[in-house]
Amino acid sequence: MTKTALITGVTGQDGSYLAELLLSKGYRVHGLVRRSSSFNTERIDHIYQGPQEAERRFVLHHADLSDGVALVNLMRDIQPDEVYNLGAQSHVRVSFDAPLYTGDVTGLSTLRLLEAIRASGVETRIYQASSSEMFGSTPPPQNEDTPFHPRSPYGAAKVFGYWTTVNYREAYGMFAVNGILFNHESPRRGETFVTRKITRAVARIKAGLQDRLYLGNLDAVRDWGYAPEYVEAMWRMLQHDEPTDYVVATGVPATVRQFLETAFAHADLDWNEHVRYDPKYERPSEVDALIGDASKARETLGWQPTVLVEELARIMVDADVRQVEKELTGAVVRIDR
Ligand code: NDP
Ligand code: GDR
């Protein structure tokens, strides 16, 4: 029987890979898209199916996570078997500038979605995109039993979403799970996250379009994995017999500086000649080190990462070099901010 899924945040990095994965498995996929004055569907344009198409399996709906009534209506109309809540204001630095907005969209919206499921009476499984940022200042390695100590409005909002999900599982018997995902990147990563900012700068410096790259803290340690592999873990969590929470990570630490070195070296560039410090990119309180222990996901779901940080940096540089070439030949028109 064809399964139906609803993805919030379908236009984002993870949402686009997850939509591809579910479509490849024969799902009917519904995606929530928020209204924007400019195009925000670039990552899913290649799988778009218009309303005229026969047997359409990918359907987009305009809605916003702040609109609880719209969420109830969507649940009632779509009757999904699985819901993936990936929508969020997901930028940690920005969450210090827009804390209330982030608390609402990233935190409270999880509750809105869970209530929409309850109010509509739909029988569905739900995945909540929880984050390693919830661990904040608790030292690594971090696993499912590690206490949370968030260091940003974003991290605190994700803690609210996490516990709300656990509560709906305990209170109402919902199949509701948290994937506590560590940083995962790809050529589709938003351009203001540090990995993509770096790989895009490498490609532009190589092409002579840019000379300087301004960054903040280079000492932060992160555990960077490859996004297409991480959406596979999300799907596996909802196929398991028991609803429970999982850490998803590579277990391999690297500093921002090491990522820089690998990315620049891959293009035969010396990062020291191009990178400058700008305090603007520092956070009021930083998360120093995140290194995940994903033993539970490996043992229970059989999930294991294959792309580690150095290969990831090379994949992203290669993709950005191709992207800049396309821009230069006029195949893609874009404005850089
Ligand atoms: P992105 O920032 O790439 O995507 C976020 C998505 O949420 C976009 O589709 C965005 O729409 C949508 N969105 C934002 N605000 C609203 C709103 N008010 N109503 C509806 N949709 C909204 O994030 P990622 O794909 O990287 O991450 C997916 C999820 O996983 C997020 O919840 C993130 O916080 C979480 N996460 C991510 C990790 C990572 O390393 N990538 C690690 C751990 C957790 P639009 O395209 O219009 O902006
Ligand atoms: P993070 O990712 O905060 O871990 O959140 P980001 O790439 O923004 O920062 C990683 C580390 O790099 C340092 N840094 C910079 N960061 C940015 N964005 N820009 C810079 O110029 C810069 N210079 C140094 C940061 O201080 C930080 O230590 C991501 C998001 O996807 C979240 O949604 C997700 O939950 C977590 O990963 C896990």
# chains A, B, ... in the order shown; residues from 1 in each chain; ligands from 1
>>> residues_near_ligand(ligand="ligand 2", cutoff="8 Å", atoms="only C-alpha atoms and all ligand atoms", output="PDB file with N, CA and C atoms, in the first residue's frame")
ATOM      1  N   ALA A  88      12.122  24.962  10.549  1.00  0.00           N
ATOM      2  CA  ALA A  88      12.663  25.708  11.700  1.00  0.00           C
ATOM      3  C   ALA A  88      13.408  26.948  11.229  1.00  0.00           C
ATOM      4  N   GLN A  89      13.517  27.928  12.131  1.00  0.00           N
ATOM      5  CA  GLN A  89      14.549  28.965  11.952  1.00  0.00           C
ATOM      6  C   GLN A  89      15.793  28.259  12.485  1.00  0.00           C
ATOM      7  N   SER A  90      16.670  27.813  11.598  1.00  0.00           N
ATOM      8  CA  SER A  90      17.694  26.839  11.987  1.00  0.00           C
ATOM      9  C   SER A  90      19.085  27.435  12.182  1.00  0.00           C
ATOM     10  N   HIS A  91      19.201  28.751  12.070  1.00  0.00           N
ATOM     11  CA  HIS A  91      20.537  29.358  12.180  1.00  0.00           C
ATOM     12  C   HIS A  91      20.800  29.813  13.624  1.00  0.00           C
ATOM     13  N   VAL A  92      21.840  29.252  14.222  1.00  0.00           N
ATOM     14  CA  VAL A  92      22.130  29.508  15.641  1.00  0.00           C
ATOM     15  C   VAL A  92      22.464  30.981  15.881  1.00  0.00           C
ATOM     16  N   ARG A  93      23.329  31.565  15.058  1.00  0.00           N
ATOM     17  CA  ARG A  93      23.716  32.972  15.241  1.00  0.00           C
ATOM     18  C   ARG A  93      22.499  33.889  15.101  1.00  0.00           C
ATOM     19  N   SER A 130      15.360  17.094  16.194  1.00  0.00           N
ATOM     20  CA  SER A 130      16.103  17.616  17.336  1.00  0.00           C
ATOM     21  C   SER A 130      17.581  17.754  16.963  1.00  0.00           C
ATOM     22  N   SER A 131      18.335  18.403  17.859  1.00  0.00           N
ATOM     23  CA  SER A 131      19.671  18.837  17.440  1.00  0.00           C
ATOM     24  C   SER A 131      20.726  18.640  18.526  1.00  0.00           C
ATOM     25  N   SER A 132      21.942  18.401  18.099  1.00  0.00           N
ATOM     26  CA  SER A 132      23.079  18.330  19.018  1.00  0.00           C
ATOM     27  C   SER A 132      23.291  19.661  19.749  1.00  0.00           C
ATOM     28  N   GLU A 133      22.748  20.755  19.199  1.00  0.00           N
ATOM     29  CA  GLU A 133      22.851  22.051  19.885  1.00  0.00           C
ATOM     30  C   GLU A 133      22.185  22.013  21.263  1.00  0.00           C
ATOM     31  N   TYR A 154      18.126  29.219  19.873  1.00  0.00           N
ATOM     32  CA  TYR A 154      17.835  28.071  18.996  1.00  0.00           C
ATOM     33  C   TYR A 154      17.919  26.758  19.782  1.00  0.00           C
ATOM     34  N   GLY A 155      19.014  26.589  20.529  1.00  0.00           N
ATOM     35  CA  GLY A 155      19.189  25.348  21.294  1.00  0.00           C
ATOM     36  C   GLY A 155      18.083  25.167  22.324  1.00  0.00           C
ATOM     37  N   LEU A 181      20.251  14.984  15.726  1.00  0.00           N
ATOM     38  CA  LEU A 181      21.243  14.942  14.666  1.00  0.00           C
ATOM     39  C   LEU A 181      22.363  15.948  14.913  1.00  0.00           C
ATOM     40  N   PHE A 182      23.579  15.483  14.720  1.00  0.00           N
ATOM     41  CA  PHE A 182      24.740  16.365  14.749  1.00  0.00           C
ATOM     42  C   PHE A 182      24.849  17.025  13.362  1.00  0.00           C
ATOM     43  N   ASN A 183      25.735  18.021  13.259  1.00  0.00           N
ATOM     44  CA  ASN A 183      25.818  18.816  12.021  1.00  0.00           C
ATOM     45  C   ASN A 183      25.938  17.905  10.801  1.00  0.00           C
ATOM     46  N   HIS A 184      25.131  18.197   9.801  1.00  0.00           N
ATOM     47  CA  HIS A 184      25.264  17.462   8.539  1.00  0.00           C
ATOM     48  C   HIS A 184      25.118  18.444   7.384  1.00  0.00           C
ATOM     49  N   THR A 192      25.023  30.414   4.501  1.00  0.00           N
ATOM     50  CA  THR A 192      25.570  31.141   5.649  1.00  0.00           C
ATOM     51  C   THR A 192      26.013  30.207   6.773  1.00  0.00           C
ATOM     52  N   PHE A 193      25.883  28.896   6.612  1.00  0.00           N
ATOM     53  CA  PHE A 193      26.461  27.961   7.577  1.00  0.00           C
ATOM     54  C   PHE A 193      27.943  27.806   7.226  1.00  0.00           C
ATOM     55  N   VAL A 194      28.772  27.531   8.238  1.00  0.00           N
ATOM     56  CA  VAL A 194      30.204  27.752   8.037  1.00  0.00           C
ATOM     57  C   VAL A 194      30.810  26.861   6.943  1.00  0.00           C
ATOM     58  N   THR A 195      30.393  25.599   6.853  1.00  0.00           N
ATOM     59  CA  THR A 195      31.010  24.716   5.837  1.00  0.00           C
ATOM     60  C   THR A 195      30.749  25.236   4.433  1.00  0.00           C
ATOM     61  N   ARG A 196      29.497  25.554   4.166  1.00  0.00           N
ATOM     62  CA  ARG A 196      29.131  25.995   2.815  1.00  0.00           C
ATOM     63  C   ARG A 196      29.713  27.373   2.526  1.00  0.00           C
ATOM     64  N   LYS A 197      29.770  28.205   3.567  1.00  0.00           N
ATOM     65  CA  LYS A 197      30.369  29.530   3.394  1.00  0.00           C
ATOM     66  C   LYS A 197      31.824  29.354   2.939  1.00  0.00           C
ATOM     67  N   TYR A 214      35.662  36.225   5.488  1.00  0.00           N
ATOM     68  CA  TYR A 214      35.610  36.646   6.892  1.00  0.00           C
ATOM     69  C   TYR A 214      34.870  35.604   7.722  1.00  0.00           C
ATOM     70  N   LEU A 215      35.513  35.151   8.787  1.00  0.00           N
ATOM     71  CA  LEU A 215      34.933  34.132   9.659  1.00  0.00           C
ATOM     72  C   LEU A 215      35.078  34.534  11.115  1.00  0.00           C
ATOM     73  N   GLY A 216      34.368  33.812  11.996  1.00  0.00           N
ATOM     74  CA  GLY A 216      34.461  34.035  13.433  1.00  0.00           C
ATOM     75  C   GLY A 216      35.374  33.009  14.082  1.00  0.00           C
ATOM     76  N   ASN A 217      34.818  32.256  15.034  1.00  0.00           N
ATOM     77  CA  ASN A 217      35.596  31.319  15.850  1.00  0.00           C
ATOM     78  C   ASN A 217      36.042  30.081  15.052  1.00  0.00           C
ATOM     79  N   LEU A 218      37.348  29.921  14.920  1.00  0.00           N
ATOM     80  CA  LEU A 218      37.862  28.776  14.143  1.00  0.00           C
ATOM     81  C   LEU A 218      38.158  27.566  15.030  1.00  0.00           C
ATOM     82  N   ASP A 219      38.037  27.736  16.351  1.00  0.00           N
ATOM     83  CA  ASP A 219      38.414  26.655  17.279  1.00  0.00           C
ATOM     84  C   ASP A 219      37.256  25.718  17.625  1.00  0.00           C
ATOM     85  N   ALA A 220      36.041  26.083  17.236  1.00  0.00           N
ATOM     86  CA  ALA A 220      34.885  25.238  17.570  1.00  0.00           C
ATOM     87  C   ALA A 220      35.078  23.848  16.955  1.00  0.00           C
ATOM     88  N   VAL A 221      34.714  22.832  17.736  1.00  0.00           N
ATOM     89  CA  VAL A 221      34.805  21.446  17.265  1.00  0.00           C
ATOM     90  C   VAL A 221      33.392  20.969  16.909  1.00  0.00           C
ATOM     91  N   ARG A 222      33.254  20.414  15.713  1.00  0.00           N
ATOM     92  CA  ARG A 222      31.966  19.864  15.292  1.00  0.00           C
ATOM     93  C   ARG A 222      32.181  18.458  14.727  1.00  0.00           C
ATOM     94  N   VAL A 256      36.709  23.997  13.004  1.00  0.00           N
ATOM     95  CA  VAL A 256      36.406  24.806  11.814  1.00  0.00           C
ATOM     96  C   VAL A 256      37.710  25.015  11.030  1.00  0.00           C
ATOM     97  N   ASP A 278      36.396  38.257  11.706  1.00  0.00           N
ATOM     98  CA  ASP A 278      35.399  39.306  11.933  1.00  0.00           C
ATOM     99  C   ASP A 278      34.560  38.897  13.147  1.00  0.00           C
ATOM    100  N   TYR A 281      30.840  37.398  13.459  1.00  0.00           N
ATOM    101  CA  TYR A 281      30.398  36.004  13.323  1.00  0.00           C
ATOM    102  C   TYR A 281      30.544  35.186  14.602  1.00  0.00           C
ATOM    103  N   GLU A 282      30.970  35.862  15.685  1.00  0.00           N
ATOM    104  CA  GLU A 282      31.017  35.179  16.989  1.00  0.00           C
ATOM    105  C   GLU A 282      29.600  35.134  17.574  1.00  0.00           C
ATOM    106  N   ARG A 283      29.352  34.148  18.453  1.00  0.00           N
ATOM    107  CA  ARG A 283      28.054  34.094  19.138  1.00  0.00           C
ATOM    108  C   ARG A 283      28.222  34.598  20.583  1.00  0.00           C
ATOM    109  N   GLU A 286      29.018  30.437  22.955  1.00  0.00           N
ATOM    110  CA  GLU A 286      29.399  29.476  21.904  1.00  0.00           C
ATOM    111  C   GLU A 286      29.249  28.041  22.400  1.00  0.00           C
ATOM    112  N   VAL A 287      29.063  27.139  21.481  1.00  0.00           N
ATOM    113  CA  VAL A 287      29.121  25.706  21.770  1.00  0.00           C
ATOM    114  C   VAL A 287      30.508  25.242  21.327  1.00  0.00           C
ATOM    115  N   ASP A 288      31.333  24.857  22.296  1.00  0.00           N
ATOM    116  CA  ASP A 288      32.740  24.589  21.970  1.00  0.00           C
ATOM    117  C   ASP A 288      32.962  23.273  21.255  1.00  0.00           C
TER     118      ASP A 288
END
>>> residues_near_ligand(ligand="ligand 1", cutoff="7 Å", atoms="only C-alpha atoms and all ligand atoms", output="number ranges by chain")
A: 8-15, 32-34, 36, 40-41, 63-66, 85-91, 105-106, 129-132, 180-185, 189-190
>>> write_last_selection(atoms="N, CA and C atoms", output="compact mmCIF listing (two decimals), in the first residue's frame")
# COMPACT_ATOMS: atom_id res chain seq x y z
N THR A 8 7.48 19.03 6.81
CA THR A 8 7.61 20.49 6.99
C THR A 8 9.09 20.81 6.75
N GLY A 9 9.36 22.00 6.20
CA GLY A 9 10.75 22.32 5.87
C GLY A 9 11.23 21.61 4.63
N VAL A 10 10.30 21.31 3.71
CA VAL A 10 10.66 20.53 2.51
C VAL A 10 11.59 21.31 1.58
N THR A 11 11.56 22.65 1.67
CA THR A 11 12.43 23.45 0.80
C THR A 11 13.85 23.58 1.34
N GLY A 12 14.11 23.05 2.53
CA GLY A 12 15.44 23.16 3.15
C GLY A 12 16.37 22.05 2.68
N GLN A 13 17.58 22.08 3.20
CA GLN A 13 18.57 21.05 2.83
C GLN A 13 18.02 19.64 3.07
N ASP A 14 17.64 19.35 4.32
CA ASP A 14 17.21 17.98 4.66
C ASP A 14 15.89 17.63 4.00
N GLY A 15 14.97 18.59 3.97
CA GLY A 15 13.66 18.33 3.39
C GLY A 15 13.77 17.88 1.95
N LEU A 32 5.25 21.16 3.00
CA LEU A 32 4.74 22.45 3.45
C LEU A 32 5.73 23.53 3.00
N VAL A 33 5.23 24.49 2.25
CA VAL A 33 6.08 25.58 1.75
C VAL A 33 5.53 26.90 2.25
N ARG A 34 6.42 27.75 2.78
CA ARG A 34 5.88 29.04 3.24
C ARG A 34 5.95 30.04 2.10
N SER A 36 6.77 33.14 0.04
CA SER A 36 7.93 34.03 0.01
C SER A 36 7.79 34.97 -1.18
N ASN A 40 11.63 30.15 -3.30
CA ASN A 40 12.31 29.44 -2.20
C ASN A 40 12.24 27.92 -2.42
N THR A 41 12.04 27.52 -3.68
CA THR A 41 11.89 26.09 -3.96
C THR A 41 13.05 25.54 -4.79
N ALA A 63 1.69 26.94 3.60
CA ALA A 63 1.30 27.06 5.00
C ALA A 63 2.51 27.55 5.78
N ASP A 64 2.28 27.91 7.03
CA ASP A 64 3.39 28.37 7.87
C ASP A 64 3.27 27.65 9.21
N LEU A 65 4.42 27.31 9.79
CA LEU A 65 4.40 26.58 11.06
C LEU A 65 3.80 27.41 12.20
N SER A 66 3.69 28.71 11.99
CA SER A 66 3.10 29.55 13.05
C SER A 66 1.57 29.52 12.99
N ASN A 85 8.94 16.64 10.91
CA ASN A 85 8.95 18.06 11.25
C ASN A 85 10.36 18.63 11.15
N LEU A 86 10.70 19.09 9.95
CA LEU A 86 12.05 19.64 9.70
C LEU A 86 12.05 21.17 9.62
N GLY A 87 10.90 21.78 9.59
CA GLY A 87 10.83 23.24 9.46
C GLY A 87 11.33 23.92 10.72
N ALA A 88 12.12 24.96 10.55
CA ALA A 88 12.66 25.71 11.70
C ALA A 88 13.41 26.95 11.23
N GLN A 89 13.52 27.93 12.13
CA GLN A 89 14.55 28.96 11.95
C GLN A 89 15.79 28.26 12.48
N SER A 90 16.67 27.81 11.60
CA SER A 90 17.69 26.84 11.99
C SER A 90 19.08 27.44 12.18
N HIS A 91 19.20 28.75 12.07
CA HIS A 91 20.54 29.36 12.18
C HIS A 91 20.80 29.81 13.62
N VAL A 105 8.89 29.68 16.13
CA VAL A 105 8.91 28.80 14.94
C VAL A 105 9.66 27.49 15.20
N THR A 106 10.75 27.57 15.93
CA THR A 106 11.57 26.37 16.14
C THR A 106 11.07 25.56 17.34
N ALA A 129 12.85 16.95 14.36
CA ALA A 129 14.26 17.25 14.05
C ALA A 129 14.92 17.91 15.26
N SER A 130 15.36 17.09 16.19
CA SER A 130 16.10 17.62 17.34
C SER A 130 17.58 17.75 16.96
N SER A 131 18.33 18.40 17.86
CA SER A 131 19.67 18.84 17.44
C SER A 131 20.73 18.64 18.53
N SER A 132 21.94 18.40 18.10
CA SER A 132 23.08 18.33 19.02
C SER A 132 23.29 19.66 19.75
N ILE A 180 18.29 13.12 17.26
CA ILE A 180 19.20 14.17 17.73
C ILE A 180 20.38 14.17 16.77
N LEU A 181 20.25 14.98 15.73
CA LEU A 181 21.24 14.94 14.67
C LEU A 181 22.36 15.95 14.91
N PHE A 182 23.58 15.48 14.72
CA PHE A 182 24.74 16.36 14.75
C PHE A 182 24.85 17.03 13.36
N ASN A 183 25.74 18.02 13.26
CA ASN A 183 25.82 18.82 12.02
C ASN A 183 25.94 17.90 10.80
N HIS A 184 25.13 18.20 9.80
CA HIS A 184 25.26 17.46 8.54
C HIS A 184 25.12 18.44 7.38
N GLU A 185 25.92 18.23 6.39
CA GLU A 185 26.16 19.23 5.36
C GLU A 185 26.04 18.57 3.99
N ARG A 189 23.60 22.74 1.43
CA ARG A 189 23.62 23.43 2.72
C ARG A 189 23.44 24.92 2.49
N GLY A 190 22.67 25.57 3.36
CA GLY A 190 22.48 27.02 3.28
C GLY A 190 23.84 27.73 3.27
>>> select_by_dssp(residues="range 30-63 of chain A", states="strand (DSSP E)", output="number ranges by chain")
A: 30-33, 58-62
>>> write_last_selection(atoms="C-alpha atoms", output="PDB file, in the first residue's frame")
ATOM      1  CA  HIS A  30       3.299  16.312   0.713  1.00  0.00           C
ATOM      2  CA  GLY A  31       5.477  19.292   1.517  1.00  0.00           C
ATOM      3  CA  LEU A  32       4.737  22.449   3.448  1.00  0.00           C
ATOM      4  CA  VAL A  33       6.084  25.581   1.745  1.00  0.00           C
ATOM      5  CA  PHE A  58       4.775  15.157  -4.839  1.00  0.00           C
ATOM      6  CA  VAL A  59       2.352  17.849  -3.701  1.00  0.00           C
ATOM      7  CA  LEU A  60       3.231  21.224  -2.178  1.00  0.00           C
ATOM      8  CA  HIS A  61       0.970  23.193   0.162  1.00  0.00           C
ATOM      9  CA  HIS A  62       1.337  26.798   1.218  1.00  0.00           C
TER      10      HIS A  62
END
>>> select_by_dssp(residues="range 17-261 of chain A", states="alpha helix (DSSP H)", output="PyMOL selection string")
chain A and resi 17-24+68-78+92-97+99-102+109-120+153-172+194-206+227-239+256-261
>>> closest_residue(among="A:Ser152, A:Thr138, A:Ser186, A:Thr262", to="Arg43 in chain A", atoms="only C-alpha atoms")
A:Ser186
>>> closest_residue(among="A:Asn143, A:Arg151, A:Thr306, A:Ala319", to="Asp293 in chain A", atoms="only C-alpha atoms")
A:Asn143
>>> residues_around(residues="Asp81 in chain A", least_positions_apart="4", cutoff="12 Å", atoms="only C-alpha atoms", output="JSON list (two decimals) with N, CA and C atoms, in the first residue's frame")
[["chain", "number", "residue", "atom", "x", "y", "z"],
["A", 1, "MET", "N", 0.84, -1.20, 0.00],
["A", 1, "MET", "CA", 0.00, 0.00, 0.00],
["A", 1, "MET", "C", 0.88, 1.26, 0.00],
["A", 2, "THR", "N", 0.51, 2.24, -0.80],
["A", 2, "THR", "CA", 1.30, 3.47, -0.88],
["A", 2, "THR", "C", 1.21, 4.24, 0.44],
["A", 3, "LYS", "N", 2.36, 4.60, 0.98],
["A", 3, "LYS", "CA", 2.36, 5.40, 2.20],
["A", 3, "LYS", "C", 2.36, 6.88, 1.85],
["A", 4, "THR", "N", 1.82, 7.67, 2.75],
["A", 4, "THR", "CA", 1.78, 9.12, 2.55],
["A", 4, "THR", "C", 2.57, 9.80, 3.66],
["A", 5, "ALA", "N", 3.43, 10.73, 3.26],
["A", 5, "ALA", "CA", 4.24, 11.47, 4.24],
["A", 5, "ALA", "C", 4.01, 12.96, 4.08],
["A", 6, "LEU", "N", 4.12, 13.67, 5.19],
["A", 6, "LEU", "CA", 4.10, 15.14, 5.17],
["A", 6, "LEU", "C", 5.44, 15.63, 5.71],
["A", 7, "ILE", "N", 6.09, 16.49, 4.94],
["A", 7, "ILE", "CA", 7.38, 17.06, 5.38],
["A", 7, "ILE", "C", 7.22, 18.55, 5.59],
["A", 27, "TYR", "N", 6.61, 6.50, -1.90],
["A", 27, "TYR", "CA", 5.68, 7.29, -1.07],
["A", 27, "TYR", "C", 4.96, 8.34, -1.92],
["A", 28, "ARG", "N", 3.81, 8.76, -1.41],
["A", 28, "ARG", "CA", 3.20, 10.00, -1.86],
["A", 28, "ARG", "C", 3.69, 11.05, -0.85],
["A", 29, "VAL", "N", 4.31, 12.12, -1.33],
["A", 29, "VAL", "CA", 4.95, 13.08, -0.43],
["A", 29, "VAL", "C", 4.26, 14.45, -0.52],
["A", 30, "HIS", "N", 3.86, 14.96, 0.64],
["A", 30, "HIS", "CA", 3.30, 16.31, 0.71],
["A", 30, "HIS", "C", 4.31, 17.20, 1.42],
["A", 75, "MET", "N", -3.43, 18.24, 8.24],
["A", 75, "MET", "CA", -3.47, 16.87, 8.78],
["A", 75, "MET", "C", -4.77, 16.17, 8.37],
["A", 76, "ARG", "N", -5.86, 16.89, 8.53],
["A", 76, "ARG", "CA", -7.18, 16.31, 8.22],
["A", 76, "ARG", "C", -7.27, 15.96, 6.73],
["A", 117, "ILE", "N", -2.04, 17.04, 15.12],
["A", 117, "ILE", "CA", -2.23, 15.60, 14.94],
["A", 117, "ILE", "C", -3.35, 15.13, 15.87],
["A", 122, "VAL", "N", -5.83, 12.13, 13.37],
["A", 122, "VAL", "CA", -5.13, 11.31, 12.39],
["A", 122, "VAL", "C", -4.17, 10.34, 13.10],
["A", 123, "GLU", "N", -4.09, 9.11, 12.59],
["A", 123, "GLU", "CA", -3.15, 8.11, 13.14],
["A", 123, "GLU", "C", -1.86, 8.24, 12.35],
["A", 124, "THR", "N", -0.82, 8.80, 12.96],
["A", 124, "THR", "CA", 0.42, 9.00, 12.20],
["A", 124, "THR", "C", 1.63, 8.86, 13.10],
["A", 125, "ARG", "N", 2.76, 8.60, 12.48],
["A", 125, "ARG", "CA", 4.03, 8.61, 13.21],
["A", 125, "ARG", "C", 4.68, 9.97, 12.95],
["A", 126, "ILE", "N", 5.39, 10.49, 13.94],
["A", 126, "ILE", "CA", 6.02, 11.80, 13.73],
["A", 126, "ILE", "C", 7.48, 11.80, 14.15],
["A", 127, "TYR", "N", 8.28, 12.40, 13.26],
["A", 127, "TYR", "CA", 9.72, 12.58, 13.50],
["A", 127, "TYR", "C", 9.97, 14.04, 13.84],
["A", 175, "PHE", "N", 3.29, 7.65, 18.33],
["A", 175, "PHE", "CA", 4.58, 7.20, 17.81],
["A", 175, "PHE", "C", 5.34, 8.47, 17.43],
["A", 238, "LEU", "N", 11.33, 5.97, 11.88],
["A", 238, "LEU", "CA", 9.86, 5.82, 11.81],
["A", 238, "LEU", "C", 9.44, 4.43, 11.35],
["A", 239, "GLN", "N", 10.38, 3.61, 10.85],
["A", 239, "GLN", "CA", 10.02, 2.24, 10.43],
["A", 239, "GLN", "C", 10.20, 1.25, 11.58]]
>>> closest_residue(among="A:Val324, A:Ile205, A:Val247, A:Ala233", to="Leu269 in chain A", atoms="only C-alpha atoms")
A:Ile205
>>> closest_residue(among="A:Ser95, A:Gln323, A:Ser137, A:Ser16", to="His46 in chain A", atoms="only C-alpha atoms")
A:Ser16
>>> atom_distance(atom1="CA of Glu232 in chain A", atom2="CA of Arg112 in chain A")
25.4 Å
>>> residues_around(residues="Phe148 in chain A", least_positions_apart="3", cutoff="7 Å", atoms="only C-alpha atoms", output="list of chain:residue names")
A:Met134, A:Phe135, A:Gly136, A:Thr138
>>> residues_around(residues="Arg322 in chain A", least_positions_apart="5", cutoff="9 Å", atoms="only C-alpha atoms", output="tab-separated table (two decimals) with N, CA and C atoms, in the first residue's frame")
chain	number	residue	atom	x	y	z
A	203	ALA	N	35.58	28.15	-4.04
A	203	ALA	CA	35.28	28.11	-5.48
A	203	ALA	C	35.36	29.51	-6.08
A	317	VAL	N	33.38	21.25	-2.03
A	317	VAL	CA	34.21	22.14	-2.86
A	317	VAL	C	33.96	21.82	-4.34
A	327	GLU	N	27.54	29.59	-13.09
A	327	GLU	CA	27.17	30.99	-12.93
A	327	GLU	C	27.96	31.85	-13.91
>>> closest_residue(among="A:Arg236, A:Arg118, A:His274, A:Lys158", to="Arg298 in chain A", atoms="only C-alpha atoms")
A:Arg236
>>> closest_residue(among="A:Ser24, A:Lys280, A:Gly330, A:Leu71", to="Leu111 in chain A", atoms="only C-alpha atoms")
A:Leu71
>>> residues_around(residues="Glu273 in chain A", least_positions_apart="3", cutoff="12 Å", atoms="only C-alpha atoms", output="VMD selection string")
chain A and resid 202 205 211 to 214 260 to 261 264 269 to 270 276
